[in-house]
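**Q** Enclosed is the structure file entry13.cif (mmCIF, C-alpha atoms and all ligand atoms).
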data_input
#
loop_
_atom_site.label_atom_id
_atom_site.label_comp_id
_atom_site.auth_asym_id
_atom_site.auth_seq_id
_atom_site.Cartn_x
_atom_site.Cartn_y
_atom_site.Cartn_z
CA MET A 1 -21.81 -30.32 -10.88
CA ALA A 2 -20.74 -28.42 -13.95
CA THR A 3 -20.05 -30.46 -17.04
CA ILE A 4 -16.56 -30.09 -18.43
CA VAL A 5 -16.84 -29.18 -22.08
CA THR A 6 -13.85 -29.23 -24.39
CA ARG A 7 -14.05 -26.04 -26.36
CA ARG A 8 -13.47 -26.78 -30.00
CA THR A 9 -12.17 -24.78 -32.89
CA ALA A 10 -14.03 -24.29 -36.17
CA LEU A 11 -10.73 -24.30 -38.08
CA ARG A 12 -11.15 -25.43 -41.69
CA GLY A 13 -7.51 -25.09 -42.79
CA LEU A 14 -4.86 -22.50 -43.60
CA ARG A 15 -5.52 -20.19 -46.56
CA CYS A 16 -2.59 -18.64 -48.51
CA ARG A 17 -2.94 -14.88 -48.75
CA ALA A 18 -0.82 -14.79 -51.91
CA CYS A 19 -2.20 -17.59 -54.13
CA GLY A 20 -5.41 -18.48 -52.29
CA ALA A 21 -4.68 -22.21 -51.85
CA LEU A 22 -6.33 -23.88 -48.84
CA GLN A 23 -3.84 -26.08 -46.98
CA PRO A 24 -4.18 -28.62 -44.19
CA ALA A 25 -3.20 -27.45 -40.69
CA ASP A 26 -0.06 -29.54 -40.28
CA GLU A 27 3.44 -28.29 -39.40
CA ARG A 28 3.73 -25.94 -42.38
CA TYR A 29 3.94 -22.25 -41.66
CA VAL A 30 4.19 -20.86 -45.19
CA CYS A 31 2.28 -21.84 -48.34
CA ALA A 32 3.60 -25.13 -49.79
CA ASP A 33 2.95 -23.83 -53.33
CA CYS A 34 4.27 -20.27 -53.26
CA TYR A 35 5.83 -19.68 -49.79
CA GLY A 36 3.22 -16.97 -49.18
CA PRO A 37 1.79 -16.23 -45.72
CA ILE A 38 -0.95 -18.60 -44.59
CA GLU A 39 -3.80 -17.76 -42.22
CA PRO A 40 -6.45 -19.86 -40.51
CA GLU A 41 -9.88 -20.06 -42.08
CA TYR A 42 -12.96 -21.09 -40.13
CA ASP A 43 -16.20 -22.85 -40.91
CA LEU A 44 -18.88 -21.15 -38.86
CA ALA A 45 -21.77 -21.86 -41.22
CA SER A 46 -23.13 -24.68 -39.06
CA ARG A 47 -23.72 -22.37 -36.08
CA SER A 48 -26.24 -19.53 -35.83
CA ALA A 49 -25.07 -16.21 -34.39
CA GLN A 50 -27.10 -16.91 -31.25
CA GLU A 51 -25.54 -20.36 -30.77
CA LEU A 52 -22.06 -18.93 -31.22
CA ARG A 53 -22.78 -16.08 -28.82
CA ASP A 54 -24.18 -18.46 -26.18
CA GLU A 55 -21.14 -20.70 -26.55
CA ILE A 56 -18.79 -17.75 -26.05
CA GLU A 57 -20.71 -16.24 -23.13
CA SER A 58 -20.81 -19.56 -21.28
CA GLY A 59 -17.04 -19.95 -21.66
CA PRO A 60 -14.22 -19.28 -19.19
CA ARG A 61 -13.21 -15.76 -18.22
CA SER A 62 -10.15 -15.93 -20.44
CA LEU A 63 -9.38 -15.74 -24.14
CA TRP A 64 -10.44 -19.40 -24.42
CA ARG A 65 -14.08 -18.27 -24.37
CA TYR A 66 -13.39 -17.50 -28.06
CA ALA A 67 -12.10 -21.02 -28.81
CA PRO A 68 -14.56 -21.46 -31.72
CA LEU A 69 -12.85 -18.47 -33.39
CA LEU A 70 -9.30 -19.65 -32.62
CA PRO A 71 -7.25 -22.24 -34.55
CA VAL A 72 -6.64 -24.63 -31.63
CA ALA A 73 -8.79 -26.40 -29.06
CA GLU A 74 -8.65 -25.07 -25.52
CA PRO A 75 -5.62 -26.66 -23.86
CA VAL A 76 -6.18 -28.81 -20.79
CA SER A 77 -3.94 -26.90 -18.43
CA HIS A 78 -3.35 -23.21 -18.86
CA TYR A 79 -3.50 -20.12 -16.74
CA ALA A 80 -6.06 -17.44 -17.43
CA VAL A 81 -4.86 -15.14 -20.18
CA GLY A 82 -7.12 -12.36 -21.41
CA TRP A 83 -10.57 -11.13 -20.33
CA THR A 84 -8.89 -7.94 -19.18
CA PRO A 85 -10.91 -4.86 -18.21
CA LEU A 86 -12.22 -2.19 -20.57
CA HIS A 87 -12.45 1.05 -18.57
CA GLU A 88 -14.32 4.24 -19.37
CA ALA A 89 -11.71 7.01 -18.98
CA PRO A 90 -13.51 10.35 -18.74
CA ARG A 91 -10.68 12.24 -17.04
CA LEU A 92 -8.17 11.20 -19.68
CA GLY A 93 -10.77 11.94 -22.37
CA THR A 94 -11.19 15.49 -21.13
CA ALA A 95 -7.42 15.96 -20.99
CA ILE A 96 -6.86 14.85 -24.58
CA GLY A 97 -10.06 16.28 -26.08
CA ILE A 98 -12.04 13.09 -26.81
CA GLY A 99 -15.70 12.70 -25.77
CA ARG A 100 -15.64 8.99 -24.94
CA VAL A 101 -12.38 7.14 -24.31
CA LEU A 102 -12.23 3.47 -23.29
CA LEU A 103 -8.99 1.86 -22.14
CA LYS A 104 -8.40 -1.82 -22.87
CA ASP A 105 -5.97 -2.56 -20.05
CA ASP A 106 -4.02 -5.52 -21.35
CA SER A 107 -1.16 -4.91 -18.95
CA ARG A 108 -3.15 -7.18 -16.58
CA ASN A 109 -2.11 -10.41 -18.23
CA PRO A 110 0.08 -12.96 -16.37
CA SER A 111 3.38 -11.58 -17.68
CA LEU A 112 2.01 -7.99 -17.74
CA SER A 113 1.60 -7.56 -21.49
CA PHE A 114 -0.80 -8.47 -24.32
CA LYS A 115 1.83 -10.88 -25.69
CA ASP A 116 0.44 -13.54 -23.35
CA ARG A 117 -2.48 -13.81 -25.80
CA PRO A 118 -0.65 -14.82 -29.00
CA VAL A 119 1.70 -16.96 -26.92
CA ALA A 120 -1.21 -18.83 -25.31
CA VAL A 121 -2.46 -19.86 -28.75
CA ALA A 122 1.05 -20.67 -30.03
CA VAL A 123 1.80 -22.82 -26.98
CA ALA A 124 -1.46 -24.71 -27.35
CA ARG A 125 -0.35 -25.50 -30.91
CA ALA A 126 3.19 -26.43 -29.80
CA LEU A 127 1.67 -28.92 -27.34
CA GLU A 128 -0.54 -30.38 -30.09
CA LEU A 129 2.60 -30.86 -32.21
CA GLY A 130 4.51 -32.42 -29.31
CA LEU A 131 7.30 -29.83 -29.36
CA ASP A 132 9.53 -29.58 -26.28
CA THR A 133 11.14 -26.16 -26.87
CA LEU A 134 9.72 -22.68 -27.40
CA ALA A 135 11.65 -19.78 -28.90
CA CYS A 136 11.08 -16.24 -30.12
CA ALA A 137 12.63 -13.02 -31.34
CA SER A 138 11.48 -10.25 -29.03
CA THR A 139 11.78 -6.57 -28.20
CA GLY A 140 11.09 -7.51 -24.56
CA ASN A 141 7.45 -8.30 -23.80
CA LEU A 142 7.27 -11.41 -25.96
CA ALA A 143 10.38 -12.77 -24.21
CA GLY A 144 8.58 -12.64 -20.87
CA ALA A 145 5.38 -14.13 -22.25
CA VAL A 146 7.19 -17.05 -23.92
CA ALA A 147 9.37 -17.69 -20.87
CA ALA A 148 6.36 -17.69 -18.53
CA ALA A 149 4.28 -19.99 -20.74
CA ALA A 150 7.21 -22.38 -21.18
CA ALA A 151 7.65 -22.56 -17.42
CA ARG A 152 3.95 -23.21 -16.89
CA ASN A 153 3.93 -26.04 -19.43
CA GLY A 154 7.28 -27.62 -18.57
CA LEU A 155 8.90 -26.67 -21.86
CA ARG A 156 12.38 -25.33 -22.58
CA ALA A 157 12.64 -21.75 -23.85
CA PHE A 158 15.17 -19.72 -25.82
CA VAL A 159 14.39 -16.04 -26.21
CA PHE A 160 16.43 -13.76 -28.46
CA VAL A 161 16.47 -10.03 -27.79
CA PRO A 162 18.48 -7.02 -28.96
CA ALA A 163 21.21 -6.18 -26.43
CA THR A 164 19.50 -2.80 -25.89
CA THR A 165 16.35 -4.44 -24.43
CA ASP A 166 15.30 -3.09 -21.02
CA ASP A 167 17.22 -4.90 -18.27
CA GLU A 168 14.00 -5.45 -16.31
CA LYS A 169 12.44 -7.36 -19.20
CA VAL A 170 15.56 -9.48 -19.72
CA ALA A 171 15.72 -10.23 -16.00
CA GLY A 172 12.05 -11.16 -15.93
CA ALA A 173 12.40 -13.65 -18.79
CA ALA A 174 15.50 -15.16 -17.17
CA ALA A 175 13.69 -15.48 -13.84
CA TYR A 176 11.07 -17.70 -15.50
CA GLY A 177 13.95 -20.04 -16.40
CA ALA A 178 14.36 -19.19 -20.09
CA THR A 179 17.74 -18.93 -21.78
CA VAL A 180 17.89 -15.27 -22.73
CA VAL A 181 20.18 -14.65 -25.69
CA ARG A 182 21.13 -10.98 -26.02
CA VAL A 183 22.16 -10.16 -29.57
CA ARG A 184 24.21 -7.22 -30.78
CA GLY A 185 22.11 -5.28 -33.30
CA THR A 186 18.54 -4.21 -33.98
CA TYR A 187 15.38 -6.27 -33.58
CA ASP A 188 15.39 -6.87 -37.33
CA GLN A 189 18.85 -8.47 -37.09
CA VAL A 190 17.66 -10.64 -34.19
CA ASN A 191 14.68 -11.58 -36.33
CA ARG A 192 16.91 -12.72 -39.20
CA LEU A 193 18.97 -14.88 -36.84
CA CYS A 194 15.79 -16.53 -35.58
CA GLY A 195 14.60 -17.08 -39.14
CA ARG A 196 17.76 -19.11 -39.79
CA LEU A 197 17.51 -21.04 -36.52
CA ALA A 198 13.87 -21.83 -37.21
CA ASP A 199 14.99 -23.76 -40.31
CA GLU A 200 17.69 -25.61 -38.38
CA GLU A 201 15.93 -26.56 -35.12
CA ARG A 202 12.57 -28.22 -34.54
CA TRP A 203 11.62 -25.62 -31.95
CA GLY A 204 8.31 -23.85 -31.61
CA PHE A 205 9.40 -20.40 -32.75
CA VAL A 206 6.22 -18.61 -31.76
CA ASN A 207 6.64 -15.76 -34.25
CA PHE A 208 8.00 -17.90 -37.13
CA THR A 209 7.06 -21.55 -37.27
CA LEU A 210 3.94 -21.05 -35.11
CA ARG A 211 3.07 -17.63 -36.54
CA PRO A 212 -0.21 -18.60 -38.28
CA TYR A 213 -1.48 -19.66 -34.83
CA TYR A 214 0.37 -17.10 -32.72
CA ALA A 215 -1.01 -14.12 -34.65
CA GLU A 216 -4.60 -15.32 -34.16
CA GLY A 217 -4.31 -14.79 -30.39
CA SER A 218 -4.18 -11.04 -31.02
CA LYS A 219 -7.76 -11.08 -32.33
CA THR A 220 -9.05 -11.67 -28.83
CA LEU A 221 -8.45 -8.07 -27.68
CA LEU A 222 -11.04 -6.84 -30.15
CA PHE A 223 -13.39 -9.76 -29.42
CA GLU A 224 -13.32 -8.82 -25.75
CA CYS A 225 -13.86 -5.10 -26.37
CA VAL A 226 -16.91 -5.90 -28.48
CA GLU A 227 -18.39 -8.31 -25.94
CA GLN A 228 -17.69 -5.85 -23.11
CA LEU A 229 -19.53 -3.16 -25.09
CA GLY A 230 -22.60 -5.42 -25.30
CA TRP A 231 -21.70 -6.96 -28.67
CA ARG A 232 -21.19 -3.60 -30.32
CA LEU A 233 -18.17 -2.44 -32.28
CA PRO A 234 -16.46 0.70 -31.02
CA ASP A 235 -16.30 3.55 -33.54
CA HIS A 236 -12.50 3.74 -33.37
CA VAL A 237 -9.61 1.58 -32.14
CA ILE A 238 -6.10 2.94 -31.67
CA VAL A 239 -3.47 0.22 -31.95
CA PRO A 240 0.25 0.45 -31.13
CA VAL A 241 2.21 -0.94 -34.07
CA GLY A 242 5.41 -2.98 -33.77
CA SER A 243 5.28 -5.94 -36.18
CA GLY A 244 1.74 -4.98 -37.22
CA ALA A 245 0.29 -8.36 -36.21
CA LEU A 246 -1.99 -6.83 -33.58
CA LEU A 247 -3.36 -4.28 -36.05
CA THR A 248 -3.97 -6.68 -38.93
CA ARG A 249 -5.63 -9.20 -36.58
CA THR A 250 -7.83 -6.45 -35.17
CA ALA A 251 -9.13 -6.06 -38.73
CA THR A 252 -9.47 -9.84 -39.09
CA ALA A 253 -11.41 -9.99 -35.82
CA ILE A 254 -13.84 -7.29 -36.97
CA ALA A 255 -14.41 -9.10 -40.28
CA GLN A 256 -14.93 -12.40 -38.47
CA LEU A 257 -17.51 -10.94 -36.06
CA LYS A 258 -19.37 -9.32 -38.96
CA GLY A 259 -19.17 -12.54 -41.00
CA ALA A 260 -20.70 -14.52 -38.12
CA SER A 261 -23.40 -11.82 -37.62
CA LEU A 262 -22.23 -11.29 -34.04
CA VAL A 263 -22.15 -7.51 -34.61
CA ASP A 264 -23.99 -5.07 -36.87
CA GLU A 265 -22.43 -3.85 -40.09
CA LYS A 266 -20.99 -0.48 -39.15
CA PRO A 267 -17.60 1.15 -39.54
CA CYS A 268 -14.94 0.53 -36.91
CA ARG A 269 -11.96 2.66 -37.87
CA ILE A 270 -8.50 1.33 -37.03
CA HIS A 271 -5.69 3.84 -36.39
CA ALA A 272 -1.96 3.14 -36.01
CA ALA A 273 0.12 4.64 -33.20
CA GLN A 274 3.90 4.71 -33.61
CA PRO A 275 6.82 6.66 -32.13
CA ALA A 276 8.39 9.16 -34.56
CA GLY A 277 11.77 7.40 -34.21
CA CYS A 278 10.31 4.23 -35.74
CA ALA A 279 7.11 4.93 -37.65
CA PRO A 280 7.27 3.00 -40.94
CA VAL A 281 3.53 2.19 -40.88
CA SER A 282 2.25 5.59 -39.67
CA ASP A 283 4.47 7.38 -42.19
CA ALA A 284 3.13 5.19 -45.02
CA VAL A 285 -0.47 5.85 -43.98
CA LEU A 286 0.04 9.61 -43.66
CA ASP A 287 1.84 9.62 -47.00
CA GLY A 288 -1.24 8.41 -48.85
CA TYR A 289 -1.32 4.71 -47.84
CA ARG A 290 1.86 3.94 -49.78
CA VAL A 291 4.17 0.92 -49.47
CA VAL A 292 6.08 0.66 -46.16
CA ARG A 293 9.72 1.73 -46.26
CA PRO A 294 11.81 0.02 -43.56
CA VAL A 295 13.49 2.15 -40.88
CA ARG A 296 17.12 1.09 -40.65
CA ASP A 297 18.01 2.42 -37.21
CA PRO A 298 14.96 2.77 -34.95
CA ALA A 299 15.54 5.41 -32.26
CA THR A 300 12.81 5.65 -29.63
CA LEU A 301 12.38 5.07 -25.93
CA ALA A 302 9.29 3.01 -26.83
CA ARG A 303 11.56 0.02 -27.42
CA SER A 304 8.73 -2.50 -27.62
CA LEU A 305 7.69 -0.76 -30.86
CA ALA A 306 11.20 -0.43 -32.33
CA ILE A 307 10.67 -2.75 -35.30
CA GLY A 308 12.02 -1.11 -38.45
CA ALA A 309 10.88 -3.76 -40.93
CA PRO A 310 7.44 -4.87 -39.68
CA ALA A 311 6.33 -8.29 -40.95
CA ASP A 312 2.73 -7.09 -41.18
CA GLY A 313 3.58 -3.53 -42.21
CA ASP A 314 1.94 -3.41 -45.65
CA GLY A 315 -0.92 -5.51 -44.30
CA SER A 316 -1.44 -2.89 -41.58
CA VAL A 317 -1.52 -0.04 -44.08
CA ALA A 318 -4.09 -1.91 -46.18
CA ALA A 319 -6.25 -2.71 -43.13
CA ILE A 320 -6.19 0.91 -41.97
CA CYS A 321 -7.09 2.16 -45.44
CA GLU A 322 -9.95 -0.31 -45.77
CA SER A 323 -11.37 0.64 -42.36
CA GLY A 324 -11.24 4.36 -43.13
CA GLY A 325 -8.67 4.86 -40.39
CA SER A 326 -5.60 7.01 -40.05
CA ALA A 327 -2.33 7.11 -38.07
CA ALA A 328 -0.11 9.30 -35.92
CA SER A 329 3.59 9.33 -35.14
CA VAL A 330 4.53 11.01 -31.88
CA SER A 331 7.73 12.35 -30.34
CA ASP A 332 9.43 10.72 -27.35
CA ALA A 333 8.69 13.90 -25.36
CA ASP A 334 4.97 13.45 -26.06
CA VAL A 335 5.26 9.78 -25.11
CA LEU A 336 6.73 10.61 -21.70
CA GLU A 337 4.19 13.36 -21.12
CA CYS A 338 1.33 10.99 -21.97
CA CYS A 339 2.66 8.17 -19.75
CA GLU A 340 2.50 10.68 -16.92
CA LEU A 341 -0.91 11.98 -18.04
CA ILE A 342 -2.58 8.56 -18.01
CA ALA A 343 -1.04 7.78 -14.62
CA ARG A 344 -2.34 11.05 -13.15
CA THR A 345 -5.80 10.98 -14.72
CA GLU A 346 -6.68 7.29 -14.64
CA GLY A 347 -4.31 5.67 -12.13
CA LEU A 348 -2.62 3.38 -14.64
CA LEU A 349 1.12 2.94 -15.09
CA VAL A 350 1.79 2.02 -18.70
CA GLU A 351 5.01 1.29 -20.53
CA PRO A 352 6.06 3.80 -23.23
CA ALA A 353 3.99 1.97 -25.89
CA GLY A 354 0.93 3.05 -23.89
CA GLY A 355 2.19 6.62 -23.92
CA VAL A 356 2.52 6.32 -27.69
CA VAL A 357 -1.15 5.31 -27.95
CA VAL A 358 -2.40 8.13 -25.71
CA ALA A 359 -0.26 10.70 -27.55
CA ALA A 360 -1.50 9.37 -30.90
CA ALA A 361 -5.12 9.62 -29.70
CA ARG A 362 -4.51 13.24 -28.73
CA ALA A 363 -2.91 13.99 -32.11
CA LEU A 364 -5.82 12.37 -33.99
CA ALA A 365 -8.34 14.29 -31.85
CA ARG A 366 -6.61 17.56 -32.74
CA ARG A 367 -7.00 16.63 -36.42
CA GLY A 368 -10.75 16.23 -35.88
CA VAL A 369 -10.79 12.49 -36.61
CA PHE A 370 -13.34 11.63 -33.89
CA GLY A 371 -16.99 12.68 -33.78
CA ALA A 372 -18.30 14.06 -30.45
CA ASP A 373 -20.44 10.99 -29.66
CA GLU A 374 -18.05 8.36 -30.96
CA SER A 375 -16.36 5.72 -28.79
CA VAL A 376 -12.57 5.51 -29.01
CA VAL A 377 -10.81 2.41 -27.65
CA LEU A 378 -7.13 2.68 -26.74
CA TYR A 379 -5.12 -0.55 -26.50
CA LEU A 380 -2.74 -0.45 -23.53
CA THR A 381 -0.46 -3.39 -24.17
CA GLY A 382 2.22 -3.31 -21.46
CA ASN A 383 2.81 -2.42 -17.83
CA ALA A 384 5.35 0.18 -16.73
CA TYR A 385 6.73 -2.03 -13.98
CA LYS A 386 8.29 -4.25 -16.63
CA GLY A 387 10.78 -1.69 -17.80
CA SER A 388 11.90 1.87 -17.95
CA PHE A 389 9.12 4.43 -17.83
CA ALA A 390 8.71 8.10 -17.19
CA THR A 391 10.51 8.50 -13.88
CA PRO A 392 8.61 10.92 -11.70
CA ARG A 393 10.47 13.66 -9.86
CA LEU A 394 11.22 12.06 -6.49
CA THR A 395 11.17 14.21 -3.37
CA ASP A 396 13.81 14.24 -0.64
CA VAL A 397 13.78 11.56 2.06
CA ILE A 398 12.35 12.77 5.37
CA ASP A 399 12.59 11.62 9.00
CA ALA A 400 9.56 9.95 10.60
CA ASP A 401 8.41 13.26 11.96
CA SER A 402 5.04 14.86 11.26
CA ASP A 403 6.34 18.41 11.44
CA GLU A 404 9.03 17.63 8.91
CA PHE A 405 6.42 16.02 6.70
CA ARG A 406 4.17 19.09 6.91
CA SER A 407 6.99 21.43 6.14
CA ALA A 408 8.42 19.33 3.28
CA TYR A 409 5.00 18.87 1.71
CA ALA A 410 3.51 22.28 2.47
CA GLY A 411 3.10 22.94 -1.25
CA VAL A 412 1.10 19.74 -1.78
CA LEU A 413 -0.97 20.06 1.41
CA GLY A 414 -1.99 23.64 0.54
ZN ZN B 501 0.38 -19.71 -51.87
#
Could the structure of this file be written out as structure tokens, please?
**A**
Amino acid sequence: MATIVTRRTALRGLRCRACGALQPADERYVCADCYGPIEPEYDLASRSAQELRDEIESGPRSLWRYAPLLPVAEPVSHYAVGWTPLHEAPRLGTAIGIGRVLLKDDSRNPSLSFKDRPVAVAVARALELGLDTLACASTGNLAGAVAAAAARNGLRAFVFVPATTDDEKVAGAAAYGATVVRVRGTYDQVNRLCGRLADEERWGFVNFTLRPYYAEGSKTLLFECVEQLGWRLPDHVIVPVGSGALLTRTATAIAQLKGASLVDEKPCRIHAAQPAGCAPVSDAVLDGYRVVRPVRDPATLARSLAIGAPADGDGSVAAICESGGSAASVSDADVLECCELIARTEGLLVEPAGGVVVAAARALARRGVFGADESVVLYLTGNAYKGSFATPRLTDVIDADSDEFRSAYAGVLG
């Protein structure tokens, strides 16, 4: 019989990125000295790289295999989030002019987006703190992830979304039993409302009061890619950017793996993908890695990326610069075309954010960013079935008659 092992964290405390103070991991979510952002710091010195690797490889087929590199212990009861496939995508690669493309298909998580990862870590922390209510500000996918995790753990959930959020995503979150609050205004206005409520209510606001923990869950995409590549870093990663948390934690994950000697020292370039109608990070990168200027009125069909004032915007620009990476901003027309392209070449239906990533990869390839033998990982973070996507041209309805079928589809049958 297998022994049940509680998978522990190597968390040392929370380090302030502004003043450098190390703080205990209690209920604080900003630095007690300067109100700066605080991030988990780990003590991995007592384990060799081989011990750490063995511990990870013997773990569950979920993100909890990386528990030593996460800020919470593995929760007792949780569904399997993470350990999603990394596919070679030669047909897409040929179509967009890249020698080796790999797709990290994170639309396969329980609520069909990568947001299940940060939420899994945030919920584990909420349970440690004994909170009974979860909440979030969301552009859609996070709402579903929080609502699903709350249902699974018997917690109450309030999710706040802009009124323009896709109906399918709102309906999904409501179906899990969450109270869905639709707010007039942009995501950034919803975010400000939640910031106020987070001060007034003792709720687990996953992207405010639990943010130091929540953001760490995003590291696991990169961890998995590396393990799936045989403990090798890819040469390039293309990351869709909304708040910037996924991009900055991709950089953190790379640094952590290098620090623990789990991978060789070699460059892994991080590139940002944003829609032209809301590209504060890509614009800053392409404009010489300058400071991010907020976009007041985001206008893009990639609504999950419509965050005009990204919390980790400047952090993303710095991480890209340090990695030697670049960025692309792509039109909505290119996004739709690339949603269709990935569906037709690789059999995957992605939400517009995925189209943004594919279109950005194509734009970067045209600029000669990738070497012929280099591996390029594309993060696909959400499934098309959750919301509006490129609607294919539907054909007329036919009778159940083979002759009618053959005549209606003569062009396809050839
Ligand atoms: Zn501080």
**Q** Tell me, as a VMD selection string, which residues lie within 7 Å of stretch 134-148 of chain A, counting all atoms listed in the file; anything in the same chain fewer than 5 positions away does not count.
**A** chain A and resid 111 113 115 to 116 119 155 to 162 165 169 to 170 172 to 173 176 to 178 187 190 to 191 194 203 to 207 303 to 304
**Q** With C-alpha atoms retained, export the selected residues as a CSV table (one decimal), in the frame of the given file.
**A**
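And here's selection19.csv as it stands now:
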chain,number,residue,atom,x,y,z
A,111,SER,CA,3.4,-11.6,-17.7
A,113,SER,CA,1.6,-7.6,-21.5
A,115,LYS,CA,1.8,-10.9,-25.7
A,116,ASP,CA,0.4,-13.5,-23.4
A,119,VAL,CA,1.7,-17.0,-26.9
A,155,LEU,CA,8.9,-26.7,-21.9
A,156,ARG,CA,12.4,-25.3,-22.6
A,157,ALA,CA,12.6,-21.8,-23.8
A,158,PHE,CA,15.2,-19.7,-25.8
A,159,VAL,CA,14.4,-16.0,-26.2
A,160,PHE,CA,16.4,-13.8,-28.5
A,161,VAL,CA,16.5,-10.0,-27.8
A,162,PRO,CA,18.5,-7.0,-29.0
A,165,THR,CA,16.4,-4.4,-24.4
A,169,LYS,CA,12.4,-7.4,-19.2
A,170,VAL,CA,15.6,-9.5,-19.7
A,172,GLY,CA,12.0,-11.2,-15.9
A,173,ALA,CA,12.4,-13.6,-18.8
A,176,TYR,CA,11.1,-17.7,-15.5
A,177,GLY,CA,14.0,-20.0,-16.4
A,178,ALA,CA,14.4,-19.2,-20.1
A,187,TYR,CA,15.4,-6.3,-33.6
A,190,VAL,CA,17.7,-10.6,-34.2
A,191,ASN,CA,14.7,-11.6,-36.3
A,194,CYS,CA,15.8,-16.5,-35.6
A,203,TRP,CA,11.6,-25.6,-32.0
A,204,GLY,CA,8.3,-23.8,-31.6
A,205,PHE,CA,9.4,-20.4,-32.8
A,206,VAL,CA,6.2,-18.6,-31.8
A,207,ASN,CA,6.6,-15.8,-34.2
A,303,ARG,CA,11.6,0.0,-27.4
A,304,SER,CA,8.7,-2.5,-27.6
**Q** Give me, as a ChimeraX atom specification, all polymer residues having an atom no more than 10 Å from A:Ile254, counting all atoms listed in the file and skipping those fewer than 3 positions away in the same chain.
**A** /A:219,222-223,226,233,249-251,257-259,262-263,265,267-268,323
**Q** Identify, counting only C-alpha atoms and all ligand atoms, the protein, DNA and RNA residues located within 9 Å of ligand ZN 501 (chain B), and give them as number ranges by chain.
**A** A: 15-22, 30-38
**Q** Got a sec: who's within 10 Å of A:Arg108, counting all atoms listed in the file, leaving out chain neighbours fewer than 6 positions off, as an NGL selection string?
**A** :A and (81-85 or 114 or 116 or 380-383)
**Q** Select from stretch 182-283 of chain A every residue with an atom at most 12 Å from any atom of stretch 55-58 of chain A, then for each give the shortest pair of atoms and their distance in Å to one decimal, using all atoms listed in the file, rows by chain and rising number, as JSON lines.
**A**
{"residue": "A:Thr220", "atom": "CA", "partner": "A:Ile56", "partner_atom": "CA", "distance": 11.8}
{"residue": "A:Phe223", "atom": "CA", "partner": "A:Ile56", "partner_atom": "CA", "distance": 10.2}
{"residue": "A:Glu224", "atom": "CA", "partner": "A:Ile56", "partner_atom": "CA", "distance": 10.5}
{"residue": "A:Glu227", "atom": "CA", "partner": "A:Glu57", "partner_atom": "CA", "distance": 8.7}
{"residue": "A:Gln228", "atom": "CA", "partner": "A:Glu57", "partner_atom": "CA", "distance": 10.8}
{"residue": "A:Gly230", "atom": "CA", "partner": "A:Glu57", "partner_atom": "CA", "distance": 11.2}
{"residue": "A:Trp231", "atom": "CA", "partner": "A:Glu57", "partner_atom": "CA", "distance": 10.9}
{"residue": "A:Leu262", "atom": "CA", "partner": "A:Ile56", "partner_atom": "CA", "distance": 10.8}
**Q** Which value, in Å to one decimal, gives the distance between atom CA of A:Gly154 and atom CA of A:Glu74?
**A**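 Interatomic distance, atom CA of A:Gly154 to atom CA of A:Glu74: 17.6 Å.
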**Q** Excluding stretch 292-294 of chain A and any residue of its chain fewer than 3 positions from it, enumerate the residues within 10 Å of it, using only C-alpha atoms, and give them as a ChimeraX atom specification.
**A** /A:188,278-285,287,289,297-298,307-310,312-317
**Q** Between A:Arg117, A:Lys386, A:Arg196, A:His87, which has the minimum distance to A:Ser218 (counting all atoms listed in the file)?
**A**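 Selected residue with least distance to A:Ser218: A:Arg117.
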**Q** Ranking A:Asp166, A:Glu337, A:Asp403, A:Glu27 by minimum distance to A:Phe208 and counting all atoms listed in the file, which one comes first?
**A** A:Glu27
**Q** Please provide the set of residues having any atom within 10 Å of A:Leu52, restricted to all atoms listed in the file, with same-chain residues fewer than 4 positions apart removed, written as a list of chain:residue names.
**A**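 Listing them by chain and then by number gives A:Leu44, A:Ser46, A:Arg47, A:Ser48, A:Ile56, A:Glu57, A:Tyr66, A:Pro68, A:Leu69, A:Ala260, A:Ser261, A:Leu262.
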**Q** Would you export the selected residues with C-alpha atoms as a tab-separated table (two decimals), keeping the file's coordinate frame, please?
**A**
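What follows is the written file selection_5.tsv:
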chain	number	residue	atom	x	y	z
A	44	LEU	CA	-18.88	-21.15	-38.86
A	46	SER	CA	-23.13	-24.68	-39.06
A	47	ARG	CA	-23.72	-22.37	-36.08
A	48	SER	CA	-26.24	-19.53	-35.83
A	56	ILE	CA	-18.79	-17.75	-26.05
A	57	GLU	CA	-20.71	-16.24	-23.13
A	66	TYR	CA	-13.39	-17.50	-28.06
A	68	PRO	CA	-14.56	-21.46	-31.72
A	69	LEU	CA	-12.85	-18.47	-33.39
A	260	ALA	CA	-20.70	-14.52	-38.12
A	261	SER	CA	-23.40	-11.82	-37.62
A	262	LEU	CA	-22.23	-11.29	-34.04
**Q** Which is closest to A:Gly325 among A:Val237, A:Leu349, A:Ala299, A:Ala306, if we use all atoms listed in the file?
**A** A:Val237
**Q** Find the distance between atom CA of A:Val72 and atom CA of A:Glu128 and write it in Å to one decimal.
**A**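 So the two atoms, atom CA of A:Val72 and atom CA of A:Glu128, lie 8.5 Å apart.
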**Q** How far is it from atom CA of A:Val241 to atom CA of A:Leu336, in Å with one decimal?
**A** 17.5 Å
**Q** Please define a box with edges along x, y and z of the file around all atoms of stretch 47-59 of chain A given in the file, extend it by 4 Å on each side, and return its centre and edge lengths in Å to one decimal, as AutoDock Vina command-line options.
**A**
--center_x -22.1 --center_y -19.2 --center_z -28.7 --size_x 18.1 --size_y 14.3 --size_z 22.8
**Q** With distances taken over only C-alpha atoms, which of A:Ile98, A:Val295, A:Ala272, A:Leu70 is nearest to A:Arg366?
**A**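 Using only C-alpha atoms, A:Arg366 sits closest to A:Ile98.
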